[in-house]
Amino acid sequence: MSQEQISLEVEIAELSLRNPIILASGILGHSAEIFERIYEGGAAAVVGKSISLLPRDAYKPPAVVEVRGGFLNAIGLGNPGAEAFVQELKKLSAKKIPVIASMFGSDPEDFVKMTKILDSAGASAFELNLSCPHVKGVGTEVGQDPDLVTKIVSATRRNTSKPIFAKVSPSSEILLQTVKAAEDAGASGITATNTIRAMALDVESGMPYLSNRYGGLSGEALHPIAVRCVYEIAEHTKNPIIGCGGVVDWESAVEFILAGASAVQVGTVLASKSIGTIEEILNGIKGYMVRKGYRRISDFVGLAHSGK
Amino acid sequence: MSQEQISLEVEIAELSLRNPIILASGILGHSAEIFERIYEGGAAAVVGKSISLLPRDAYKPPAVVEVRGGFLNAIGLGNPGAEAFVQELKKLSAKKIPVIASMFGSDPEDFVKMTKILDSAGASAFELNLSCPHVKGVGTEVGQDPDLVTKIVSATRRNTSKPIFAKVSPSSEILLQTVKAAEDAGASGITATNTIRAMALDVESGMPYLSNRYGGLSGEALHPIAVRCVYEIAEHTKNPIIGCGGVVDWESAVEFILAGASAVQVGTVLASKSIGTIEEILNGIKGYMVRKGYRRISDFVGLAHSGK
Amino acid sequence: MDSHTLVSRPRAVRITKVRDENGQAKSLFFRDEFSSKALPGNFVIVWLPGIEEMPMNISRIDSESSVTVWPYSPGTNALCSMKEGDTIWLRGPYGNPYKILGNNSLLIGSGSGLSPLLALAKHIASKKLSATFILHAKTEQGLIFHNELAKTCEVVTATTDGSKGRKGKASYVANGLIANGKFDVVYAGLGEIELRMIFETAEARKMPVQFGLERPMLCGVGLCGSCSIGKYLVCRDGPVLNSEQIRECFAELGVFRRTKSGAIVPVKDY
Amino acid sequence: MDSHTLVSRPRAVRITKVRDENGQAKSLFFRDEFSSKALPGNFVIVWLPGIEEMPMNISRIDSESSVTVWPYSPGTNALCSMKEGDTIWLRGPYGNPYKILGNNSLLIGSGSGLSPLLALAKHIASKKLSATFILHAKTEQGLIFHNELAKTCEVVTATTDGSKGRKGKASYVANGLIANGKFDVVYAGLGEIELRMIFETAEARKMPVQFGLERPMLCGVGLCGSCSIGKYLVCRDGPVLNSEQIRECFAELGVFRRTKSGAIVPVKDY
Ligand SMILES: Cc1cc2nc3c(=O)[nH]c(=O)nc-3n(C[C@H](O)[C@H](O)[C@H](O)COP(=O)(O)OP(=O)(O)OC[C@H]3O[C@@H](n4cnc5c(N)ncnc54)[C@H](O)[C@@H]3O)c2cc1C
Ligand SMILES: Cc1cc2nc3c(=O)[nH]c(=O)nc-3n(C[C@H](O)[C@H](O)[C@H](O)COP(=O)(O)OP(=O)(O)OC[C@H]3O[C@@H](n4cnc5c(N)ncnc54)[C@H](O)[C@@H]3O)c2cc1C
Ligand SMILES: Cc1cc2nc3c(=O)[nH]c(=O)nc-3n(C[C@H](O)[C@H](O)[C@H](O)COP(=O)(O)O)c2cc1C
Ligand SMILES: Cc1cc2nc3c(=O)[nH]c(=O)nc-3n(C[C@H](O)[C@H](O)[C@H](O)COP(=O)(O)O)c2cc1C
Ligand code: FES
Ligand code: FES
């Protein structure tokens with residue numbers, strides 16, 4: 001098998017992407033210029049920072065702290081609101097850069113309005129953040145409530161024909177219930193996973209490092225937990241899954257694909273290593289496919305389920 | 001403050017310990033000779049490998065695999081049964097080494113029988129494993145069911161006057177409900193936390209590394225998650241908490257104490273570093289107390305809650 | 001791995017000395033292995049538990065390093081009232097430092113932008129290269145580092161109100177010196193509006209620049225995007241950007257920036 | 001950090017050569033950087049996905065290293081049927097290696113215990129020290145490594161049934177040689193019942209020993225306790241234990257061990 005016979009293209013819920021690497025939500029904000037750089041750096045699509053209908057302030061710094069194996073963050077879903085994001089979306093869709101708009105909230109009516117605004121501004125797909133671990137009322141508390149999940153996904157579904165991905169929390173006993181509620185209400189697929197609620201304390205001051213005390217753990221520490229979620233979800237659904245959490249090299253990306261993911265998001269590695277890691281991952285995947293004789297990504301999606 | 005004025009002694013639910021470091025359950029099995037070595041190495045107490053009423057086989061290897069930031073294990077709660085553990089308990093209690101007997105199961109009747117057997121054999125306290133993430137029916141599935149938690153804790157409580165610690169899972173939305181159910185049923189305190197369900201795949205074979213596919217993540221990757229659990233539990237209870245998960249040095253141990261733990265368990269670090277780490281941690285804590293002017297561990301238990 | 005090897009986990013350092021630079025700005029000295037290995041232009045993020053976290057340029061890089069703090073916010077006020085023996089917390093150093101180009105440099109700094117240029121001037125002097133330093137402030141009271149700078153290079157003092165030295169904004173004085181054609185590179189630490197004006201002059205003369213930027217930072221490590229200017233992240237690609245990079249983000253320079261919540265707002269002049 | 005730096009995560013290696021040692025045991029050769037830096041006595045854990053995971057002594061340590069496998073279980077059967085070009089997975093190396101004491105060593109190995117002693121004999125020879133090697137097996141067919149060993153030291157062949165060389169169990173032959181007083185240290189890789197008998201003789205003569213042990217292993221890294229003998233862990237403190245350590249766990253040596261589930265069972269003779 002030579003490099004030329006290989007295609008990295010993937011099709012996830014009618015979204016055609018040139019390769020399976022997507023920028024994770026909230027990483028590097030939502031500036032069109034930065035997103036264009038990430039796209040030029042190799043990513044096939046970007047997920048915008050999670051947006052609420054109205055602007056919302058970020059938490060005060062410290063909002064980020066390093067721990068062994070990753071970072072904790074408590075940005076607090078700060079964002080300038082849906083209308084402000086429209087400007088960025090328009091620039092990006094003019095350049096044909098696929099943008100998955102991420103939205104959060106607790107009122108299904110907000111999702112109706114945001115979906116309309118962002119769909120017409122050119123979002124290629126939607127991701128519903130049902131899983132932020134450090135903001136009261138709009139994150140994991142939504143994902144934990146299957147009825148609310150149903151309402152939010154239905155509200156979004158009724159207002160767009162584009163793919164909708166429900167982003168879930170790794171720290172849930174009712175993970176599969178949330179997934180089922182989202183899919184039954186019309187979600188096209190699942191993004192697994194968001195960060196996991198965590199905390200780090202400074203022993204000298206005796207204080208939590210983060211101004212919000214609690215934050216979300218991202219980075220390589222999260223990877224085996226997120227891979228488990230993707231594998232578990234894949235045992236129960238035929239819809240596409242996007243793996244997210246702790247991808248740091250091509251092998252950790254391939255693990256997600258073998259576990260059942262059709263695409264993979266990258267986040268923290270862009271800080272712990274650099275934006276150039278995207279290209280290294282793509283080259284690594286290509287080398288792997290040559291070695292294994294795979295022509296398309298779909299040749300090895302979910303393969304880890306076959307030998308069990 | 002000089003070293004001499006400092007006492008490392010702690011009292012957790014009537015259990016007097018010479019210092020706050022305890023060997024975590026399942027680490028290095030339950031041989032009396034190994035436990036004696038751990039005790040001589042500095043630990044104040046040991047928790048036995050989780051025991052069921054009847055013997056149970058371990059999973060086939062691979063039962064352990066390294067990941068970034070720790071290990072996954074799926075030992076499968078293999079153990080020779082309560083009667084076999086009695087022999088070890090007797091040797092240890094003859095040497096006055098405090099042993100916390102860990103028990104698991106799903107039938108409250110089993111706990112009645114085990115408690116009687118192990119209490120009379122000299123267990124200093126009990127830990128109820130309500131949180132093993134990789135064995136069906138007896139681990140997290142028990143902890144998720146507050147009614148069953150009530151039944152199991154009550155059954156144990158009725159048959160011993162010794163302290164009972166309920167060991168909980170870090171990966172639970174109903175963590176605080178489980179804690180409350182256990183405490184209302186007579187648990188003296190909480191051990192937080194067990195490992196978190198996870199998976200790692202080999203990209204060359206496309207197979208999960210562990211024969212059981214799923215395993216539990218332990219080690220430093222778990223630490224910020226476990227610290228968060230201790231902190232959250234401490235916001236809701238006055239009962240003692242034992243911190244567990246990813247302690248690798250004195251600072252990670254002190255973080256648990258500041259978050260609200262009266263004692264700290266060590267596990268994976270004995271493999272990732274060595275048994276000698278216990279002494280390093282104790283020396284580190286002593287140095288910290290000298291510097292901070294603390295005379296007793298209780299001087300700084302839960303201090304991170306005061307500045308919020 | 002020791003937790004202290006986590007460069008982005010704040011570490012407590014004791015203030016070994018406080019120097020009042022001008023009755024307003026204070027230099028806080030401390031011993032920190034990471035900072036002592038920094039390069040001019042690198043910055044740290046200073047944390048005061050319960051108060052605030054703030055990016056700070058490293059003004060002196062040595063076995064005892066320093067940051068020089070201007071009291072413009074609750075956190076910087078608190079820092080300015082600290083005493084020898086007090087503790088502050090640092091993470092970093094971060095960012096891309098100044099790179100030494102050319103043999104005869106022009107350095108221009110004003111106010112809080114002076115810090116990294118002090119370190120840079122010393123570095124240039126240690127390489128036995130020539131440099132001229134425009135030491136600027138709004139008024140005479142704002143001038144700092146004069147004696148230290150004078151030991152390393154030629155210092156041209158200037159103030160906006162003319163209370164000391166040449167009169168005018170830093171860009172005005174700088175553009176005058178650039179025009180005489182003597183220098184082969186410009187290093188500047190100023191507000192973006194000033195930088196914008198200098199860049200136009202430098203570009204007209206095809207003279208390379210290295211500008212030290214400051215934008216609001218939530219993370220400092222390239223995760224959050226709040227510090228972006230065009231396609232660049234001030235915390236990772238910067239804080240020092242070169243002519244090519246400035247060219248690419250010139251539309252934003254001194255015009256608009258993002259808040260920590262991602263909203264676009266105009267850049268103010270100080 | 002590259003995932004390959006995780007020493008306890010199995011890494012795929014290609015078999016570069018298979019050598020049939022005696023019609024039964026097979027040596028599998030492979031290139032593995034970690035193994036090539038191992039010391040005699042270190043072991044690896046070999047994984048065959050979907051089949052089994054097995055501790056294996058490293059028999060040859062070089063740019064191409066080897067393990068020598070005896071087909072006694074489903075996993076070892078599978079290994080023995082592997083061909084050049086096939087893939088196996090390794091983690092490790094693990095454990096405390098043999099330490100070279102004294103100038104004239106006696107080495108004793110039988111069957112699967114011979115592997116680390118081959119590596120040790122080569123190591124001793126490279127230090128230009130003298131050694132005598134009791135190469136033992138139950139029957140003539142079981143003997144392996146003879147030619148390779150003969151290049152490094154004096155080889156005394158022995159079989160339990162006398163079909164080749166001296167006749168008797170390894171401990172019987174060893175104790176005879178120990179008695180002649182020529183040696184200053186004994187290295188042995190045998191079943192525990194044999195080791196027990198040798199230890200008694202060596203102790204009577206105050207002769208230091210280093211014994212390579214094998215006990216059931218679930219983890220190989222010092223987490224599970226299944227490999228314990230007395231207060232020691234064969235995977236971490238061993239597999240090579242010295243006289244002082246053997247003295248402390250002598251009550252268990254060759255008498256009882258634990259299963260992977262922690263039950264106490266008697267040690268069998270093979
Ligand atoms: C990379 C970087 C390096 C920095 N280095 C230093 C340093 O070495 N020393 C230092 O003191 N600060 C420095 N700062 C600024 C300092 O971090 C901030 O002032 C502090 O974090 C407060 O920030 P803020 O977001 O609360 O306030 P900001 O919104 O930044 O400012 C707070 C208020 O102070 C006023 N203000 C801000 N900057 C100035 C100024 N330059 N002159 C006059 N008024 C001003 C504004 O009116 C504003 O309302 C640096 C910032 C960055 C991004
Ligand atoms: C530290 C260590 C190093 C090892 N090194 C090697 C090695 O280099 N080469 C190798 O082939 N194996 C080696 N082994 C043994 C090998 O790992 C096991 O045989 C294999 O893992 C199967 O183990 P098991 O638990 O399934 O079976 P076990 O319970 O160990 O044994 C399986 C069956 O094989 C038989 N058996 C086991 N050992 C022997 C023996 N020595 N002679 C005759 N019959 C036996 C028993 O009857 C038993 O029922 C080593 C083991 C350890 C602990
Ligand atoms: C600074 C930061 C901000 C984030 N913001 C969001 C967000 O707005 N919405 C969201 O769904 N996830 C957010 N996340 C989670 C990431 O999208 C991702 O799920 C997580 O970081 C795990 O992936 P990683 O380990 O590759 O970083 C954020 C993560 C970080 C580190
Ligand atoms: C090999 C191994 C076996 C374990 N067995 C048990 C067990 O039997 N019962 C239990 O409650 N926890 C068990 N645990 C979990 C530990 O007690 C502990 O909660 C976990 O490892 C987190 O702590 P650490 O990061 O310090 O290892 C086991 C962990 C490991 C690694
Ligand atoms: S400050 Fe967060 S990316 Fe620069
Ligand atoms: S094999 Fe697990 S401790 Fe030795």
# chains A, B, ... in the order shown; residues from 1 in each chain; ligands from 1
>>> residues_near_ligand(ligand="ligand 4", cutoff="7 Å", atoms="only C-alpha atoms and all ligand atoms", output="PyMOL selection string")
(chain B and resi 24-27+49-50+71+73+75+77+102+129+131-132+167+193-195+218-220+222-223+244-247+265-269) or (chain D and resi 223-224)
>>> interface_residues(of="chain B", to="chain C", cutoff="12 Å", atoms="only C-alpha atoms", output="list of chain:residue names")
B:Gly69, B:Glu220, B:Val247, B:Val248, B:Asp249, B:Trp250, B:Glu251, B:Ser252, B:Glu255, B:Val269, B:Ser272, B:Lys273, B:Ala304, B:Ser306, B:Gly307, B:Lys308
>>> write_last_selection(atoms="C-alpha atoms", output="mmCIF file, in the first residue's frame")
data_model
loop_
_atom_site.group_PDB
_atom_site.id
_atom_site.type_symbol
_atom_site.label_atom_id
_atom_site.label_comp_id
_atom_site.auth_asym_id
_atom_site.auth_seq_id
_atom_site.Cartn_x
_atom_site.Cartn_y
_atom_site.Cartn_z
ATOM 1 C CA GLY B 69 -0.102 9.161 34.370
ATOM 2 C CA GLU B 220 -1.301 10.489 39.388
ATOM 3 C CA VAL B 247 -0.649 10.262 45.885
ATOM 4 C CA VAL B 248 2.947 10.278 44.656
ATOM 5 C CA ASP B 249 4.738 12.613 47.070
ATOM 6 C CA TRP B 250 4.132 14.613 50.243
ATOM 7 C CA GLU B 251 2.540 17.466 48.346
ATOM 8 C CA SER B 252 -0.107 15.305 46.747
ATOM 9 C CA GLU B 255 -3.457 18.348 49.043
ATOM 10 C CA VAL B 269 3.080 4.922 43.759
ATOM 11 C CA SER B 272 5.632 3.568 39.989
ATOM 12 C CA LYS B 273 8.227 4.596 42.569
ATOM 13 C CA ALA B 304 -8.752 24.792 51.715
ATOM 14 C CA SER B 306 -11.782 28.407 54.668
ATOM 15 C CA GLY B 307 -10.615 30.873 52.030
ATOM 16 C CA LYS B 308 -13.350 30.295 49.525
#
>>> residues_near_ligand(ligand="ligand 2", cutoff="9 Å", atoms="only C-alpha atoms and all ligand atoms", output="number ranges by chain")
D: 25-26, 41-46, 52-59, 67-76, 94-95, 110-116, 190-191, 212-217, 220, 227, 234-235, 238-239, 259-260, 268-270
>>> write_last_selection(atoms="N, CA and C atoms", output="compact mmCIF listing (two decimals), in the first residue's frame")
# COMPACT_ATOMS: atom_id res chain seq x y z
N ALA D 25 12.26 -26.47 23.46
CA ALA D 25 12.38 -25.04 23.77
C ALA D 25 12.83 -24.29 22.53
N LYS D 26 12.22 -23.11 22.34
CA LYS D 26 12.58 -22.27 21.20
C LYS D 26 13.08 -20.93 21.71
N GLY D 41 19.30 -11.62 34.45
CA GLY D 41 18.37 -11.80 35.56
C GLY D 41 17.10 -10.99 35.36
N ASN D 42 17.20 -9.91 34.60
CA ASN D 42 15.98 -9.15 34.27
C ASN D 42 15.06 -10.01 33.41
N PHE D 43 13.78 -9.77 33.53
CA PHE D 43 12.83 -10.51 32.70
C PHE D 43 11.89 -9.53 32.00
N VAL D 44 11.23 -10.02 30.99
CA VAL D 44 10.20 -9.23 30.31
C VAL D 44 8.87 -9.96 30.49
N ILE D 45 7.79 -9.27 30.14
CA ILE D 45 6.50 -9.95 30.11
C ILE D 45 6.03 -9.92 28.67
N VAL D 46 5.77 -11.12 28.14
CA VAL D 46 5.41 -11.28 26.73
C VAL D 46 3.90 -11.41 26.63
N GLU D 52 -2.56 -14.80 25.92
CA GLU D 52 -2.06 -14.82 27.28
C GLU D 52 -0.94 -13.81 27.44
N GLU D 53 -0.59 -13.56 28.67
CA GLU D 53 0.58 -12.74 28.99
C GLU D 53 1.46 -13.57 29.91
N MET D 54 2.75 -13.59 29.64
CA MET D 54 3.65 -14.50 30.36
C MET D 54 5.00 -13.86 30.68
N PRO D 55 5.44 -13.96 31.92
CA PRO D 55 6.81 -13.52 32.21
C PRO D 55 7.81 -14.45 31.54
N MET D 56 8.88 -13.87 31.05
CA MET D 56 9.92 -14.64 30.35
C MET D 56 11.29 -14.05 30.69
N ASN D 57 12.18 -14.92 31.09
CA ASN D 57 13.55 -14.46 31.31
C ASN D 57 14.20 -14.09 29.98
N ILE D 58 15.08 -13.12 30.01
CA ILE D 58 15.82 -12.76 28.81
C ILE D 58 17.04 -13.68 28.76
N SER D 59 17.15 -14.44 27.68
CA SER D 59 18.26 -15.41 27.62
C SER D 59 19.51 -14.83 26.97
N VAL D 67 14.29 -14.45 24.12
CA VAL D 67 13.71 -15.22 25.22
C VAL D 67 13.67 -16.67 24.76
N THR D 68 13.75 -17.58 25.71
CA THR D 68 13.76 -19.00 25.36
C THR D 68 12.55 -19.64 26.03
N VAL D 69 11.68 -20.17 25.21
CA VAL D 69 10.35 -20.54 25.67
C VAL D 69 10.16 -22.06 25.70
N TRP D 70 9.64 -22.54 26.80
CA TRP D 70 9.30 -23.96 26.95
C TRP D 70 7.79 -24.09 26.84
N PRO D 71 7.32 -25.01 26.01
CA PRO D 71 5.87 -25.09 25.73
C PRO D 71 5.11 -25.81 26.84
N TYR D 72 4.76 -25.06 27.90
CA TYR D 72 4.08 -25.68 29.05
C TYR D 72 2.67 -25.17 29.27
N SER D 73 2.19 -24.27 28.43
CA SER D 73 0.87 -23.66 28.66
C SER D 73 0.35 -23.19 27.29
N PRO D 74 -0.92 -22.83 27.19
CA PRO D 74 -1.43 -22.36 25.90
C PRO D 74 -0.58 -21.23 25.32
N GLY D 75 -0.20 -20.28 26.20
CA GLY D 75 0.58 -19.14 25.72
C GLY D 75 1.97 -19.54 25.27
N THR D 76 2.64 -20.36 26.06
CA THR D 76 3.99 -20.76 25.67
C THR D 76 3.95 -21.69 24.46
N TYR D 94 12.09 -6.01 33.71
CA TYR D 94 11.76 -5.83 35.11
C TYR D 94 12.77 -6.54 36.01
N GLY D 95 12.73 -6.15 37.27
CA GLY D 95 13.36 -6.93 38.33
C GLY D 95 14.80 -6.57 38.61
N SER D 110 18.53 -25.40 35.27
CA SER D 110 17.87 -26.56 34.68
C SER D 110 16.64 -26.07 33.95
N GLY D 111 16.41 -26.61 32.77
CA GLY D 111 15.18 -26.30 32.03
C GLY D 111 15.00 -24.81 31.84
N SER D 112 13.79 -24.32 32.15
CA SER D 112 13.48 -22.92 31.85
C SER D 112 14.29 -21.96 32.73
N GLY D 113 14.88 -22.47 33.80
CA GLY D 113 15.73 -21.61 34.63
C GLY D 113 17.07 -21.30 34.02
N LEU D 114 17.38 -21.93 32.88
CA LEU D 114 18.71 -21.72 32.28
C LEU D 114 18.85 -20.36 31.60
N SER D 115 17.73 -19.78 31.16
CA SER D 115 17.81 -18.57 30.33
C SER D 115 18.66 -17.44 30.93
N PRO D 116 18.34 -16.97 32.12
CA PRO D 116 19.09 -15.82 32.62
C PRO D 116 20.54 -16.20 32.92
N LEU D 190 16.56 -22.63 39.32
CA LEU D 190 15.98 -23.98 39.42
C LEU D 190 14.63 -23.87 40.09
N GLY D 191 13.93 -24.99 40.13
CA GLY D 191 12.70 -25.03 40.91
C GLY D 191 13.00 -24.74 42.38
N GLY D 212 17.62 -17.15 41.22
CA GLY D 212 16.58 -16.56 40.35
C GLY D 212 15.28 -17.31 40.54
N LEU D 213 14.26 -16.60 41.02
CA LEU D 213 12.99 -17.26 41.33
C LEU D 213 11.95 -17.02 40.25
N GLU D 214 10.94 -17.90 40.22
CA GLU D 214 9.77 -17.69 39.37
C GLU D 214 8.53 -17.93 40.21
N ARG D 215 7.70 -16.93 40.31
CA ARG D 215 6.41 -17.14 40.99
C ARG D 215 5.31 -16.54 40.11
N PRO D 216 4.07 -16.95 40.29
CA PRO D 216 2.98 -16.45 39.43
C PRO D 216 2.90 -14.93 39.49
N MET D 217 2.77 -14.33 38.34
CA MET D 217 2.77 -12.87 38.28
C MET D 217 1.56 -12.36 37.54
N GLY D 220 3.71 -7.87 37.50
CA GLY D 220 5.13 -7.73 37.16
C GLY D 220 5.77 -6.44 37.64
N CYS D 227 3.13 -12.44 43.41
CA CYS D 227 4.43 -13.09 43.30
C CYS D 227 5.18 -13.12 44.63
N VAL D 234 8.79 -11.17 44.09
CA VAL D 234 9.72 -11.71 43.10
C VAL D 234 9.86 -10.76 41.92
N CYS D 235 8.78 -10.04 41.57
CA CYS D 235 8.86 -9.16 40.39
C CYS D 235 9.69 -7.90 40.64
N GLY D 238 13.00 -9.38 43.55
CA GLY D 238 13.64 -10.42 42.75
C GLY D 238 13.63 -10.00 41.32
N PRO D 239 13.72 -10.88 40.33
CA PRO D 239 13.62 -12.32 40.58
C PRO D 239 14.86 -12.89 41.27
N THR D 259 -1.48 -18.22 44.72
CA THR D 259 -2.00 -18.18 43.35
C THR D 259 -2.24 -16.72 42.98
N LYS D 260 -2.60 -16.51 41.72
CA LYS D 260 -2.88 -15.14 41.28
C LYS D 260 -4.07 -14.55 42.03
N LYS D 268 5.04 -27.09 43.78
CA LYS D 268 5.23 -28.39 43.16
C LYS D 268 6.65 -28.52 42.60
N ASP D 269 7.08 -29.76 42.48
CA ASP D 269 8.37 -30.05 41.84
C ASP D 269 8.08 -30.38 40.38
N TYR D 270 8.93 -29.93 39.46
CA TYR D 270 8.74 -30.32 38.06
C TYR D 270 9.82 -31.29 37.68
>>> select_by_dssp(residues="segment 140-255 of chain D", states="alpha helix (DSSP H)", output="PyMOL selection string")
chain D and resi 146-150+170-179+192-204+243-248
>>> write_last_selection(atoms="N, CA and C atoms", output="compact mmCIF listing (two decimals), in the first residue's frame")
# COMPACT_ATOMS: atom_id res chain seq x y z
N HIS D 146 24.37 -25.74 25.29
CA HIS D 146 25.68 -26.31 25.62
C HIS D 146 26.83 -25.61 24.89
N ASN D 147 26.68 -25.48 23.57
CA ASN D 147 27.81 -24.92 22.81
C ASN D 147 28.10 -23.48 23.17
N GLU D 148 27.03 -22.72 23.34
CA GLU D 148 27.20 -21.31 23.70
C GLU D 148 27.86 -21.17 25.07
N LEU D 149 27.45 -22.02 26.00
CA LEU D 149 28.02 -21.95 27.35
C LEU D 149 29.48 -22.38 27.35
N ALA D 150 29.79 -23.39 26.58
CA ALA D 150 31.15 -23.94 26.57
C ALA D 150 32.16 -22.89 26.13
N ALA D 170 19.61 -31.57 40.04
CA ALA D 170 20.54 -30.45 39.97
C ALA D 170 21.13 -30.16 41.36
N SER D 171 20.31 -30.23 42.38
CA SER D 171 20.80 -29.91 43.72
C SER D 171 21.86 -30.93 44.17
N TYR D 172 21.67 -32.18 43.80
CA TYR D 172 22.62 -33.22 44.19
C TYR D 172 23.98 -32.94 43.55
N VAL D 173 23.96 -32.67 42.25
CA VAL D 173 25.22 -32.39 41.53
C VAL D 173 25.85 -31.11 42.08
N ALA D 174 25.02 -30.10 42.31
CA ALA D 174 25.53 -28.81 42.79
C ALA D 174 26.16 -28.96 44.17
N ASN D 175 25.44 -29.61 45.04
CA ASN D 175 25.96 -29.74 46.41
C ASN D 175 27.30 -30.46 46.42
N GLY D 176 27.45 -31.42 45.51
CA GLY D 176 28.74 -32.10 45.40
C GLY D 176 29.85 -31.13 45.05
N LEU D 177 29.60 -30.25 44.08
CA LEU D 177 30.64 -29.30 43.66
C LEU D 177 30.88 -28.24 44.73
N ILE D 178 29.81 -27.80 45.37
CA ILE D 178 29.96 -26.80 46.44
C ILE D 178 30.89 -27.36 47.51
N ALA D 179 30.72 -28.65 47.79
CA ALA D 179 31.48 -29.28 48.87
C ALA D 179 32.98 -29.22 48.64
N GLU D 192 12.01 -24.27 43.10
CA GLU D 192 12.28 -23.83 44.48
C GLU D 192 12.69 -24.98 45.40
N ILE D 193 12.18 -26.19 45.12
CA ILE D 193 12.53 -27.31 45.99
C ILE D 193 14.02 -27.63 45.86
N GLU D 194 14.50 -27.52 44.64
CA GLU D 194 15.94 -27.69 44.40
C GLU D 194 16.75 -26.56 45.07
N LEU D 195 16.24 -25.36 44.90
CA LEU D 195 16.95 -24.20 45.48
C LEU D 195 17.06 -24.35 46.99
N ARG D 196 15.99 -24.85 47.59
CA ARG D 196 15.96 -25.04 49.04
C ARG D 196 17.10 -25.96 49.49
N MET D 197 17.31 -27.01 48.73
CA MET D 197 18.34 -27.97 49.13
C MET D 197 19.74 -27.38 48.94
N ILE D 198 19.90 -26.64 47.88
CA ILE D 198 21.21 -26.02 47.65
C ILE D 198 21.49 -24.98 48.73
N PHE D 199 20.43 -24.24 49.10
CA PHE D 199 20.64 -23.17 50.08
C PHE D 199 21.17 -23.73 51.40
N GLU D 200 20.62 -24.87 51.81
CA GLU D 200 21.06 -25.45 53.09
C GLU D 200 22.55 -25.77 53.05
N THR D 201 23.01 -26.33 51.94
CA THR D 201 24.44 -26.65 51.80
C THR D 201 25.28 -25.37 51.80
N ALA D 202 24.83 -24.40 51.01
CA ALA D 202 25.60 -23.15 50.89
C ALA D 202 25.68 -22.46 52.25
N GLU D 203 24.59 -22.44 52.97
CA GLU D 203 24.58 -21.77 54.28
C GLU D 203 25.55 -22.46 55.23
N ALA D 204 25.54 -23.78 55.21
CA ALA D 204 26.43 -24.53 56.09
C ALA D 204 27.87 -24.13 55.82
N SER D 243 21.46 -14.24 49.63
CA SER D 243 21.40 -15.13 50.80
C SER D 243 20.59 -14.53 51.94
N GLU D 244 20.81 -13.24 52.20
CA GLU D 244 20.10 -12.62 53.30
C GLU D 244 18.60 -12.65 53.04
N GLN D 245 18.23 -12.36 51.83
CA GLN D 245 16.80 -12.35 51.49
C GLN D 245 16.20 -13.75 51.54
N ILE D 246 16.96 -14.72 51.03
CA ILE D 246 16.47 -16.11 51.04
C ILE D 246 16.28 -16.57 52.49
N ARG D 247 17.23 -16.22 53.36
CA ARG D 247 17.13 -16.58 54.77
C ARG D 247 15.79 -16.10 55.34
N GLU D 248 15.43 -14.85 54.97
CA GLU D 248 14.21 -14.26 55.54
C GLU D 248 12.93 -14.89 55.02
>>> closest_atom_pairs(of="chain B", to="ligand 6", cutoff="9 Å", atoms="only C-alpha atoms and all ligand atoms", output="CSV")
residue,atom,partner,partner_atom_place_in_ligand_line,distance
B:Ile27,CA,ligand 6,3 (S),8.3
B:Leu28,CA,ligand 6,3 (S),5.8
B:Gly29,CA,ligand 6,3 (S),8.1
B:Val64,CA,ligand 6,2 (Fe),8.9
B:Ala271,CA,ligand 6,3 (S),8.2
>>> closest_residue(among="C:Gly162, C:Gly168, C:Pro40, C:Gly85", to="ligand 1", atoms="only C-alpha atoms and all ligand atoms")
C:Pro40
>>> interface_residues(of="chain A", to="chain B", cutoff="6 Å", atoms="only C-alpha atoms", output="PyMOL selection string")
chain A and resi 69+171-173+198-201+206-207+221+224-225+228+255+304
>>> closest_residue(among="A:Lys90, A:Lys180, A:His30, A:Lys60", to="ligand 3", atoms="only C-alpha atoms and all ligand atoms")
A:His30
>>> atom_distance(atom1="atom CA of Gly76 of chain A", atom2="atom CA of His134 of chain A")
6.8 Å
>>> residues_around(residues="Arg31 of chain C", least_positions_apart="6", cutoff="12 Å", atoms="only C-alpha atoms", output="list in words")
Arg11, Ala12, Val13, Arg14, Ile15, Thr16, Lys17, Lys37, Arg60, Ile61, Asp62, Ser63, Glu64, Ser65, Ser66, Val67, Gly85, Thr87, Ile88, Trp89 and Leu90 of chain C
